[in-house]
Amino acid sequence: MACRAVKRLLFLPVLLVAACCMAALYGAVHNQLSYTVAPGYFHEFKFLQFRLPPDAWTRVGASWIGVLASWWMGLILAVPIFCAALFVKGDSAFIRAFLTATIIVLSTTLVIGLGALAMAYMTFTPDNLPWWMDGWDVSNPVAFARAGQMHNFSYLGGLIGTGLGLIWVIQAAWRSRRAA
């Protein structure tokens, strides 16, 4: 048992890097969607926040910001999933459970972010902006708020997705132990 746990700990760096890469890719794609919704969100906020030089204020720059803003979420979300996956019997089932749970996290994050964007499209108007838009002087407040809402809810989606991923891994551990 102890030998298997040590062996699996050797997978930790590889799986953490995989989770960080998936989170970074998610961030790049996510920012392409939100850049489509509101380029001003990036030109008036994100490019400044991340101190990108003006010659990088492009879609590629938006993707780079997505990578920078998301890769670390891979670490935060992967550690509890990895720990739960340690209880899955069989090394290939252990890795499969980890990767499947990571995909569940990313999918949930995407669905919740897109759901928030859809709700923002249905509800945000110049006369009906979210409270957090108070004090923002931007060229297109409605588009800015829509993109911001998608960004804000994506973090919530990551948290909910991590819970769902953990549930899935725990169920995989139970299934693998019953089958053994």
# chains A, B, ... in the order shown; residues from 1 in each chain; ligands from 1
>>> closest_atom_pairs(of="stretch 28-120 of chain A", to="stretch 124-127 of chain A", cutoff="10 Å", atoms="only C-alpha atoms", output="JSON lines")
{"residue": "A:Leu117", "atom": "CA", "partner": "A:Phe124", "partner_atom": "CA", "distance": 9.9}
{"residue": "A:Met119", "atom": "CA", "partner": "A:Phe124", "partner_atom": "CA", "distance": 8.1}
{"residue": "A:Ala120", "atom": "CA", "partner": "A:Phe124", "partner_atom": "CA", "distance": 5.2}
>>> write_last_selection(atoms="all heavy atoms", output="PDB file, in the first residue's frame")
ATOM      1  N   LEU A 117     -22.959  34.505 -19.216  1.00  0.00           N
ATOM      2  CA  LEU A 117     -22.937  35.392 -20.377  1.00  0.00           C
ATOM      3  C   LEU A 117     -24.317  35.478 -21.016  1.00  0.00           C
ATOM      4  O   LEU A 117     -24.786  36.568 -21.362  1.00  0.00           O
ATOM      5  CB  LEU A 117     -21.899  34.910 -21.397  1.00  0.00           C
ATOM      6  CG  LEU A 117     -21.786  35.729 -22.679  1.00  0.00           C
ATOM      7  CD1 LEU A 117     -21.368  37.166 -22.384  1.00  0.00           C
ATOM      8  CD2 LEU A 117     -20.796  35.054 -23.631  1.00  0.00           C
ATOM      9  N   MET A 119     -27.216  34.974 -19.556  1.00  0.00           N
ATOM     10  CA  MET A 119     -28.077  35.761 -18.663  1.00  0.00           C
ATOM     11  C   MET A 119     -27.752  37.248 -18.781  1.00  0.00           C
ATOM     12  O   MET A 119     -28.659  38.090 -18.765  1.00  0.00           O
ATOM     13  CB  MET A 119     -27.916  35.304 -17.208  1.00  0.00           C
ATOM     14  CG  MET A 119     -28.544  33.961 -16.916  1.00  0.00           C
ATOM     15  SD  MET A 119     -30.330  33.934 -17.195  1.00  0.00           S
ATOM     16  CE  MET A 119     -30.889  35.107 -15.985  1.00  0.00           C
ATOM     17  N   ALA A 120     -26.471  37.576 -18.913  1.00  0.00           N
ATOM     18  CA  ALA A 120     -26.075  38.975 -19.057  1.00  0.00           C
ATOM     19  C   ALA A 120     -26.634  39.568 -20.353  1.00  0.00           C
ATOM     20  O   ALA A 120     -27.066  40.721 -20.371  1.00  0.00           O
ATOM     21  CB  ALA A 120     -24.553  39.099 -19.017  1.00  0.00           C
TER      22      ALA A 120
END
>>> select_by_dssp(residues="stretch 16-169 of chain A", states="alpha helix (DSSP H)", output="PyMOL selection string")
chain A and resi 16-37+39-41+47-49+59-85+91-123+141-169
>>> closest_residue(among="A:Gly135, A:Pro141, A:Gly90, A:Gly113", to="A:Ala172", atoms="only C-alpha atoms")
A:Gly90
>>> residues_around(residues="A:Thr58", least_positions_apart="2", cutoff="10 Å", atoms="only C-alpha atoms", output="ChimeraX atom specification")
/A:35,39,42-43,47,54-56,60-64
>>> write_last_selection(atoms="all heavy atoms", output="JSON list (two decimals), in the first residue's frame")
[["chain", "number", "residue", "atom", "x", "y", "z"],
["A", 35, "TYR", "N", -13.33, 38.35, -25.56],
["A", 35, "TYR", "CA", -12.82, 39.42, -26.42],
["A", 35, "TYR", "C", -13.81, 39.69, -27.55],
["A", 35, "TYR", "O", -14.01, 40.84, -27.95],
["A", 35, "TYR", "CB", -11.45, 39.06, -26.99],
["A", 35, "TYR", "CG", -10.76, 40.20, -27.71],
["A", 35, "TYR", "CD1", -9.90, 41.04, -27.00],
["A", 35, "TYR", "CD2", -10.96, 40.44, -29.06],
["A", 35, "TYR", "CE1", -9.26, 42.11, -27.63],
["A", 35, "TYR", "CE2", -10.32, 41.49, -29.70],
["A", 35, "TYR", "CZ", -9.47, 42.32, -28.98],
["A", 35, "TYR", "OH", -8.85, 43.37, -29.62],
["A", 39, "PRO", "N", -14.24, 43.75, -26.75],
["A", 39, "PRO", "CA", -12.82, 44.12, -26.84],
["A", 39, "PRO", "C", -12.45, 45.20, -25.82],
["A", 39, "PRO", "O", -11.34, 45.20, -25.29],
["A", 39, "PRO", "CB", -12.67, 44.64, -28.27],
["A", 39, "PRO", "CG", -13.82, 44.06, -29.03],
["A", 39, "PRO", "CD", -14.93, 43.89, -28.04],
["A", 42, "PHE", "N", -10.94, 44.29, -22.50],
["A", 42, "PHE", "CA", -9.49, 44.08, -22.51],
["A", 42, "PHE", "C", -8.74, 45.40, -22.67],
["A", 42, "PHE", "O", -7.79, 45.67, -21.94],
["A", 42, "PHE", "CB", -9.11, 43.08, -23.61],
["A", 42, "PHE", "CG", -9.56, 41.70, -23.27],
["A", 42, "PHE", "CD1", -10.83, 41.27, -23.62],
["A", 42, "PHE", "CD2", -8.75, 40.85, -22.56],
["A", 42, "PHE", "CE1", -11.27, 40.01, -23.28],
["A", 42, "PHE", "CE2", -9.17, 39.59, -22.21],
["A", 42, "PHE", "CZ", -10.44, 39.16, -22.56],
["A", 43, "HIS", "N", -9.17, 46.23, -23.63],
["A", 43, "HIS", "CA", -8.46, 47.49, -23.90],
["A", 43, "HIS", "C", -8.58, 48.49, -22.76],
["A", 43, "HIS", "O", -7.66, 49.29, -22.54],
["A", 43, "HIS", "CB", -8.99, 48.12, -25.20],
["A", 43, "HIS", "CG", -8.62, 47.32, -26.40],
["A", 43, "HIS", "ND1", -7.40, 47.47, -27.03],
["A", 43, "HIS", "CD2", -9.28, 46.35, -27.07],
["A", 43, "HIS", "CE1", -7.33, 46.63, -28.05],
["A", 43, "HIS", "NE2", -8.46, 45.93, -28.09],
["A", 47, "PHE", "N", -5.78, 44.51, -20.36],
["A", 47, "PHE", "CA", -4.45, 44.80, -20.87],
["A", 47, "PHE", "C", -3.69, 45.71, -19.91],
["A", 47, "PHE", "O", -2.48, 45.54, -19.70],
["A", 47, "PHE", "CB", -4.51, 45.45, -22.26],
["A", 47, "PHE", "CG", -4.98, 44.52, -23.35],
["A", 47, "PHE", "CD1", -5.77, 45.00, -24.39],
["A", 47, "PHE", "CD2", -4.64, 43.18, -23.37],
["A", 47, "PHE", "CE1", -6.20, 44.17, -25.41],
["A", 47, "PHE", "CE2", -5.07, 42.32, -24.39],
["A", 47, "PHE", "CZ", -5.86, 42.82, -25.40],
["A", 54, "PRO", "N", 1.34, 48.10, -25.31],
["A", 54, "PRO", "CA", 0.29, 48.41, -26.29],
["A", 54, "PRO", "C", 0.39, 47.63, -27.60],
["A", 54, "PRO", "O", -0.64, 47.32, -28.20],
["A", 54, "PRO", "CB", 0.44, 49.91, -26.53],
["A", 54, "PRO", "CG", 1.01, 50.42, -25.25],
["A", 54, "PRO", "CD", 1.94, 49.34, -24.76],
["A", 55, "ASP", "N", 1.58, 47.25, -28.03],
["A", 55, "ASP", "CA", 1.68, 46.48, -29.27],
["A", 55, "ASP", "C", 1.17, 45.05, -29.10],
["A", 55, "ASP", "O", 1.00, 44.34, -30.09],
["A", 55, "ASP", "CB", 3.11, 46.49, -29.83],
["A", 55, "ASP", "CG", 4.12, 45.87, -28.87],
["A", 55, "ASP", "OD1", 3.91, 45.91, -27.65],
["A", 55, "ASP", "OD2", 5.15, 45.34, -29.38],
["A", 56, "ALA", "N", 0.89, 44.63, -27.87],
["A", 56, "ALA", "CA", 0.35, 43.30, -27.62],
["A", 56, "ALA", "C", -1.15, 43.33, -27.35],
["A", 56, "ALA", "O", -1.73, 42.32, -26.97],
["A", 56, "ALA", "CB", 1.08, 42.66, -26.43],
["A", 60, "VAL", "N", -4.27, 37.84, -29.59],
["A", 60, "VAL", "CA", -3.20, 37.01, -29.03],
["A", 60, "VAL", "C", -2.88, 37.47, -27.61],
["A", 60, "VAL", "O", -2.69, 36.65, -26.71],
["A", 60, "VAL", "CB", -1.94, 37.05, -29.94],
["A", 60, "VAL", "CG1", -0.78, 36.32, -29.29],
["A", 60, "VAL", "CG2", -2.25, 36.45, -31.31],
["A", 61, "GLY", "N", -2.84, 38.78, -27.40],
["A", 61, "GLY", "CA", -2.63, 39.32, -26.06],
["A", 61, "GLY", "C", -3.74, 38.91, -25.11],
["A", 61, "GLY", "O", -3.48, 38.58, -23.94],
["A", 62, "ALA", "N", -4.96, 38.90, -25.60],
["A", 62, "ALA", "CA", -6.09, 38.45, -24.77],
["A", 62, "ALA", "C", -5.92, 36.99, -24.38],
["A", 62, "ALA", "O", -6.17, 36.60, -23.24],
["A", 62, "ALA", "CB", -7.41, 38.67, -25.50],
["A", 63, "SER", "N", -5.47, 36.17, -25.34],
["A", 63, "SER", "CA", -5.22, 34.76, -25.02],
["A", 63, "SER", "C", -4.11, 34.62, -23.99],
["A", 63, "SER", "O", -4.20, 33.80, -23.07],
["A", 63, "SER", "CB", -4.85, 33.98, -26.29],
["A", 63, "SER", "OG", -5.97, 33.81, -27.09],
["A", 64, "TRP", "N", -3.05, 35.41, -24.15],
["A", 64, "TRP", "CA", -1.95, 35.34, -23.20],
["A", 64, "TRP", "C", -2.42, 35.71, -21.79],
["A", 64, "TRP", "O", -2.05, 35.07, -20.82],
["A", 64, "TRP", "CB", -0.80, 36.25, -23.65],
["A", 64, "TRP", "CG", 0.36, 36.25, -22.70],
["A", 64, "TRP", "CD1", 0.86, 37.31, -22.02],
["A", 64, "TRP", "CD2", 1.14, 35.11, -22.30],
["A", 64, "TRP", "NE1", 1.91, 36.91, -21.22],
["A", 64, "TRP", "CE2", 2.11, 35.57, -21.37],
["A", 64, "TRP", "CE3", 1.12, 33.76, -22.63],
["A", 64, "TRP", "CZ2", 3.04, 34.72, -20.77],
["A", 64, "TRP", "CZ3", 2.05, 32.92, -22.03],
["A", 64, "TRP", "CH2", 2.99, 33.39, -21.12]]
>>> atom_distance(atom1="atom CA of A:Cys20", atom2="atom CA of A:Phe94")
18.2 Å
>>> closest_residue(among="A:Thr162, A:Thr36, A:Ser92, A:Gln149", to="A:Tyr121", atoms="only C-alpha atoms")
A:Gln149
>>> closest_residue(among="A:Ala179, A:Phe11, A:Trp72, A:Pro130", to="A:Asp91", atoms="only C-alpha atoms")
A:Phe11
>>> closest_residue(among="A:Ile167, A:Cys3, A:Leu114, A:Met73", to="A:Leu33", atoms="only C-alpha atoms")
A:Leu114
>>> closest_residue(among="A:Ala19, A:Ala24, A:Ala69, A:Leu77", to="A:Gly157", atoms="only C-alpha atoms")
A:Leu77
>>> residues_around(residues="A:Val169", least_positions_apart="2", cutoff="8 Å", atoms="only C-alpha atoms", output="ChimeraX atom specification")
/A:81,84-85,88,97-98,101,165-167,171-173
>>> write_last_selection(atoms="N, CA and C atoms", output="PDB file, in the first residue's frame")
ATOM      1  N   ILE A  81      -8.341  16.999  -6.170  1.00  0.00           N
ATOM      2  CA  ILE A  81      -8.736  15.890  -7.048  1.00  0.00           C
ATOM      3  C   ILE A  81      -7.676  14.802  -7.033  1.00  0.00           C
ATOM      4  N   ALA A  84      -7.981  12.800  -3.780  1.00  0.00           N
ATOM      5  CA  ALA A  84      -9.112  11.870  -3.814  1.00  0.00           C
ATOM      6  C   ALA A  84      -8.825  10.704  -4.760  1.00  0.00           C
ATOM      7  N   ALA A  85      -8.149  10.982  -5.874  1.00  0.00           N
ATOM      8  CA  ALA A  85      -7.863   9.929  -6.851  1.00  0.00           C
ATOM      9  C   ALA A  85      -6.878   8.892  -6.314  1.00  0.00           C
ATOM     10  N   VAL A  88      -8.353   5.476  -5.779  1.00  0.00           N
ATOM     11  CA  VAL A  88      -8.828   4.659  -6.903  1.00  0.00           C
ATOM     12  C   VAL A  88      -7.858   3.504  -7.101  1.00  0.00           C
ATOM     13  N   ALA A  97      -9.228   8.638 -13.747  1.00  0.00           N
ATOM     14  CA  ALA A  97     -10.134   9.339 -12.827  1.00  0.00           C
ATOM     15  C   ALA A  97      -9.696  10.795 -12.662  1.00  0.00           C
ATOM     16  N   PHE A  98      -8.402  11.015 -12.510  1.00  0.00           N
ATOM     17  CA  PHE A  98      -7.886  12.382 -12.367  1.00  0.00           C
ATOM     18  C   PHE A  98      -8.197  13.214 -13.606  1.00  0.00           C
ATOM     19  N   ALA A 101     -11.955  13.889 -14.049  1.00  0.00           N
ATOM     20  CA  ALA A 101     -12.411  14.914 -13.102  1.00  0.00           C
ATOM     21  C   ALA A 101     -11.958  16.302 -13.541  1.00  0.00           C
ATOM     22  N   GLY A 165     -16.131  17.348  -9.754  1.00  0.00           N
ATOM     23  CA  GLY A 165     -15.008  16.466 -10.070  1.00  0.00           C
ATOM     24  C   GLY A 165     -14.637  15.594  -8.884  1.00  0.00           C
ATOM     25  N   LEU A 166     -14.658  16.180  -7.691  1.00  0.00           N
ATOM     26  CA  LEU A 166     -14.370  15.394  -6.488  1.00  0.00           C
ATOM     27  C   LEU A 166     -15.413  14.305  -6.269  1.00  0.00           C
ATOM     28  N   ILE A 167     -16.660  14.652  -6.467  1.00  0.00           N
ATOM     29  CA  ILE A 167     -17.720  13.641  -6.333  1.00  0.00           C
ATOM     30  C   ILE A 167     -17.481  12.510  -7.318  1.00  0.00           C
ATOM     31  N   GLN A 171     -16.678   8.603  -6.331  1.00  0.00           N
ATOM     32  CA  GLN A 171     -17.484   7.499  -6.865  1.00  0.00           C
ATOM     33  C   GLN A 171     -16.610   6.500  -7.617  1.00  0.00           C
ATOM     34  N   ALA A 172     -15.623   6.987  -8.361  1.00  0.00           N
ATOM     35  CA  ALA A 172     -14.705   6.091  -9.089  1.00  0.00           C
ATOM     36  C   ALA A 172     -13.906   5.249  -8.101  1.00  0.00           C
ATOM     37  N   ALA A 173     -13.505   5.834  -6.990  1.00  0.00           N
ATOM     38  CA  ALA A 173     -12.769   5.082  -5.965  1.00  0.00           C
ATOM     39  C   ALA A 173     -13.656   3.997  -5.365  1.00  0.00           C
TER      40      ALA A 173
END
>>> atom_distance(atom1="atom CA of A:Tyr26", atom2="atom CA of A:Ile65")
11.4 Å
>>> residues_around(residues="A:Asn140", least_positions_apart="3", cutoff="12 Å", atoms="only C-alpha atoms", output="ChimeraX atom specification")
/A:37-44,124-126,129,133,136-137,143-147
>>> write_last_selection(atoms="N, CA and C atoms", output="mmCIF file, in the first residue's frame")
data_model
loop_
_atom_site.group_PDB
_atom_site.id
_atom_site.type_symbol
_atom_site.label_atom_id
_atom_site.label_comp_id
_atom_site.auth_asym_id
_atom_site.auth_seq_id
_atom_site.Cartn_x
_atom_site.Cartn_y
_atom_site.Cartn_z
ATOM 1 N N VAL A 37 -17.027 39.325 -27.281
ATOM 2 C CA VAL A 37 -18.141 40.025 -26.639
ATOM 3 C C VAL A 37 -17.793 41.492 -26.385
ATOM 4 N N ALA A 38 -16.575 41.743 -25.887
ATOM 5 C CA ALA A 38 -16.222 43.106 -25.475
ATOM 6 C C ALA A 38 -14.718 43.342 -25.584
ATOM 7 N N PRO A 39 -14.243 43.753 -26.754
ATOM 8 C CA PRO A 39 -12.823 44.121 -26.845
ATOM 9 C C PRO A 39 -12.452 45.199 -25.825
ATOM 10 N N GLY A 40 -13.407 46.083 -25.528
ATOM 11 C CA GLY A 40 -13.158 47.139 -24.550
ATOM 12 C C GLY A 40 -12.833 46.610 -23.164
ATOM 13 N N TYR A 41 -13.350 45.454 -22.811
ATOM 14 C CA TYR A 41 -13.051 44.840 -21.523
ATOM 15 C C TYR A 41 -11.545 44.620 -21.392
ATOM 16 N N PHE A 42 -10.935 44.291 -22.503
ATOM 17 C CA PHE A 42 -9.488 44.084 -22.510
ATOM 18 C C PHE A 42 -8.736 45.403 -22.674
ATOM 19 N N HIS A 43 -9.166 46.234 -23.625
ATOM 20 C CA HIS A 43 -8.464 47.490 -23.904
ATOM 21 C C HIS A 43 -8.576 48.487 -22.760
ATOM 22 N N GLU A 44 -9.674 48.440 -22.013
ATOM 23 C CA GLU A 44 -9.876 49.395 -20.937
ATOM 24 C C GLU A 44 -9.638 48.810 -19.546
ATOM 25 N N PHE A 124 -28.734 42.614 -19.072
ATOM 26 C CA PHE A 124 -27.967 43.856 -18.971
ATOM 27 C C PHE A 124 -28.353 44.823 -20.083
ATOM 28 N N THR A 125 -28.681 46.023 -19.676
ATOM 29 C CA THR A 125 -28.990 47.114 -20.597
ATOM 30 C C THR A 125 -28.291 48.361 -20.048
ATOM 31 N N PRO A 126 -28.274 49.447 -20.811
ATOM 32 C CA PRO A 126 -27.659 50.664 -20.260
ATOM 33 C C PRO A 126 -28.301 51.121 -18.945
ATOM 34 N N LEU A 129 -27.416 47.681 -15.220
ATOM 35 C CA LEU A 129 -26.070 47.121 -15.145
ATOM 36 C C LEU A 129 -25.841 46.559 -13.744
ATOM 37 N N MET A 133 -20.468 47.507 -11.664
ATOM 38 C CA MET A 133 -20.126 48.432 -12.746
ATOM 39 C C MET A 133 -20.125 49.888 -12.277
ATOM 40 N N TRP A 136 -17.198 52.534 -13.082
ATOM 41 C CA TRP A 136 -16.437 52.215 -14.290
ATOM 42 C C TRP A 136 -16.835 53.199 -15.389
ATOM 43 N N ASP A 137 -15.860 53.876 -15.936
ATOM 44 C CA ASP A 137 -16.094 54.797 -17.050
ATOM 45 C C ASP A 137 -15.490 54.148 -18.298
ATOM 46 N N ALA A 143 -21.467 45.874 -22.917
ATOM 47 C CA ALA A 143 -20.574 44.802 -23.376
ATOM 48 C C ALA A 143 -19.522 44.492 -22.311
ATOM 49 N N PHE A 144 -18.979 45.522 -21.700
ATOM 50 C CA PHE A 144 -17.991 45.368 -20.633
ATOM 51 C C PHE A 144 -18.571 44.521 -19.494
ATOM 52 N N ALA A 145 -19.791 44.850 -19.089
ATOM 53 C CA ALA A 145 -20.448 44.123 -18.000
ATOM 54 C C ALA A 145 -20.707 42.669 -18.385
ATOM 55 N N ARG A 146 -21.083 42.436 -19.622
ATOM 56 C CA ARG A 146 -21.324 41.058 -20.072
ATOM 57 C C ARG A 146 -20.048 40.230 -19.994
ATOM 58 N N ALA A 147 -18.954 40.778 -20.524
ATOM 59 C CA ALA A 147 -17.680 40.055 -20.467
ATOM 60 C C ALA A 147 -17.230 39.865 -19.023
#
>>> atom_distance(atom1="atom CA of A:Arg177", atom2="atom CA of A:Lys89")
6.3 Å
>>> closest_residue(among="A:Met150, A:Leu9, A:Val29, A:Phe45", to="A:Val79", atoms="only C-alpha atoms")
A:Leu9
